[in-house]
Amino acid sequence: MTASSLRYLIKEGLKNTWTNRMMSFASIAVLLCCLVLIGSASMIFLNINSVIDRIEDENVIMVFVADETTDAQIEEMGAKLKGMNNIDSVEFVPKEKAWADQLKTMEDAQAQFFTEVSSDIPLPDAYKVTVKDLTGFSKTVKEIKKLDHIYTIRQNTDLAKKLDTISRGISVIAIVIIAVLFAISLFIISNTIKLTVYSRRLEISIMKSVGATNSFVRLPFVVEGCLIGVLSGALSLGVVWLAYDFAIQQFNDLFKAIQITPLNFTNYAWQMLGIFIAIGIVSGVGGSVITMRRYLNKEGSEISAI
């Protein structure tokens with residue numbers, strides 16, 4: 001195929017998109033709806049996952065050190081904790097700091113009473129340990145318990161298991177929703193293109209009768225599908241952005257009450273635009289190719305009397 005032929009076919013594809021603007025509009029509207037649902041589901045998933053990550057950061061293991069432990073032994077324990085595989089961070093909490101923080105949570109009279117009764121600090125030194133992967137939470141706790149000079153360990157294995165289950169469940173649901181919506185968009189685009197092909201069956205038959213190849217006939221439809229995908233992707237990003245900002249404004253008081261900070265959409269805008277355009281192009285071009293292949297294989301090679 002020569003460069004002039006390629007330019008001609010691309011020009012025809014763009015012109016046909018406008019000529020069949022009602023069909024093109026229907027395709028864009030269908031694909032836009034699917035992409036908006038995909039984008040909305042993705043932002044909901046990202047916000048829920050962000051909340052879970054923050055809860056995971058707070059789901060730590062407190063390792064309390066025995067009173068008779070020396071400073072050297074405490075440092076050795078900290079080094080062993082940092083050397084474990086599933087440990088994200090280790091923070092030493094001296095008993096003086098822990099007791100001062102505890103006094104701040106009390107009323108003035110209570111704090112004064114405890115400070116006047118005795119100068120001794122009723123809390124042990126501790127290490128605040130944060131794990132990397134909650135799936136190995138129980139195993140990490142068992143490894144920590146094997147260390148020497150431990151007074152006791154405070155941890156919440158049940159919460160860790162629940163968070164891990166919720167995170168996995170949300171991931172599976174999000175993937176299923178996106179896959180189903182993508183399949184639906186591909187199916188609807190294929191059927192919309194099929195209507196376009198049917199309305200232009202006389203033109204296709206004439207082109208085939210004068211010796212046009214399948215690629216020559218198919219390319220304008222591929223250009224149409226590509227253009228529909230790009231327009232749908234760009235429009236979908238704008239709709240999702242507006243809907244997300246509107247939802248944040250409507251539920252702003254609720255988010256403040258439960259101390260949740262929604263994600264900033266601008267941090268994901270360019271990524272989402274690229275994904276939307278990619279999905280749109282794949283759906284539009286894929287629907288065009290599938291439809292044209294079936295048509296050309298079954299009917300396109302025959303010159304039907306119309």
# chains A, B, ... in the order shown; residues from 1 in each chain; ligands from 1
>>> select_by_dssp(residues="range 64-131 of chain A", states="alpha helix (DSSP H)", output="JSON, numbers by chain")
{"A": [71, 72, 73, 74, 75, 76, 77, 78, 79, 80, 81, 82, 95, 96, 97, 98, 99, 100, 101, 102, 103, 104, 108, 109, 110, 111, 112, 113, 114, 115, 116, 117]}
>>> residues_around(residues="range 78-90 of chain A", least_positions_apart="6", cutoff="8 Å", atoms="only C-alpha atoms", output="PyMOL selection string")
chain A and resi 127-133+136+140+144
>>> atom_distance(atom1="CA of Val239 in chain A", atom2="CA of Cys33 in chain A")
9.5 Å
>>> residues_around(residues="Val36 in chain A", least_positions_apart="3", cutoff="12 Å", atoms="only C-alpha atoms", output="PyMOL selection string")
chain A and resi 28-33+39-43+178+181-182+185+232-244+272-273+275-276+279-280
>>> atom_distance(atom1="CA of Ile166 in chain A", atom2="CA of Leu46 in chain A")
13.2 Å
>>> closest_residue(among="A:Phe25, A:Tyr151, A:Phe221, A:Phe92", to="Val65 in chain A", atoms="only C-alpha atoms")
A:Tyr151
>>> select_by_dssp(residues="range 101-283 of chain A", states="strand (DSSP E or B)", output="list in words")
Ala126, Tyr127, Lys128, Val129, Thr130, Val131, Ile150, Tyr151, Thr152, Ile153 and Arg154 of chain A
>>> atom_distance(atom1="CA of Thr291 in chain A", atom2="CA of Gly225 in chain A")
11.1 Å
>>> closest_residue(among="A:Met22, A:Met62, A:Val285, A:Ile206", to="Val93 in chain A", atoms="only C-alpha atoms")
A:Met62
